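These notes are about the structure you will find just below.
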Amino acid sequence: TSGLIRAGQPFVGARGRGCAPGHLCVDPAGPPCPCGARGCLVAFTDLPALALAGQERGLGGTHPPRLGQDVGVLRDLVARTTSGCPAARQVLDRAAAALGVAVGGLLNALDLTDVVVHTPVPEAWPLIRPAVERSLAQHSFAAIRADLNWRISTLGDEAPVIGAATLPQTAG
């Protein structure tokens with residue numbers, strides 16, 4: 001779940017569907033996204049996408065998340081990466097590169113100074129940050145990212161639910 005906060009409130013656009021950075025296209029030839037498009041950030045970074053990428057690289061034991069937010073997939077990838085597993089590192093780097101493309105586009109378009117990163121496994125951020133920043137360097141203006149503040153969400157596993165609850169309901 002991702003979004004934009006403006007003046008302390010979620011920015012949802014004119015029709016209540018705006019600013020869904022998770023559905024920015026980061027690779028037009030990328031995997032299908034649950035939204036029906038291809039190559040969205042979500043298709044590289046959500047838990048089912050991470051599980052599938054792990055399976056494609058032969059990582060046994062990674063499984064698609066079940067109902068709710070099964071963070072075991074990400075915990076497994078973090079543990080394997082920390083233990084030196086190259087396939088797990090590739091999965092995390094692929095997701096990080098996609099995040100860098102999306103954040104770079106947002107920085108270029110909106111001239112942001114703060115980016116809040118949410119991960120249900122905080123140990124993942126130090127592992128992916130270098131790859132995010134390498135990708136960001138290729139996809140954003142140097143002057144804009146020079147004073148970028150990365151912030152880590154402190155909402156924990158409840159972040160998606162809290163985010164959804166704060167959005168205004170629109171007839172649809």
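Following the order of the structure tokens, chains are lettered A, B, ..., residues in each are numbered from 1, and ligands are numbered from 1.
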
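The set of residues in stretch 2-93 of chain A assigned to strand (DSSP E) by DSSP, using only backbone atoms of this structure, is Leu4, Ile5, Arg6, Gln9, Pro10 and Phe11 of chain A.
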
Point to revise | Neighbour list for stretch 88-104 of chain A as JSON, numbers by chain, cut-off 8 Å, only C-alpha atoms, skip fewer than 2 positions in-chain | key: {"A": [21, 24, 25, 26, 27, 41, 44, 45, 50, 53, 54, 59, 77, 78, 80, 81, 84, 85, 86, 106, 107, 108, 127, 128, 129, 131, 132, 133, 134, 135, 136, 137, 138, 139, 140, 141]}

Practice item. Check stretch 24-149 of chain A with DSSP on the backbone and list each residue it calls alpha helix (DSSP H), as a PyMOL selection string. Key: chain A and resi 42-45+47-56+72-82+86-110+124-139+142-145

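Of the residues under consideration (A:Pro130, A:Trp125, A:Pro28, A:Val115), A:Val115 shows the shortest atom-to-atom contact distance to A:Asp147 when counting only C-alpha atoms.
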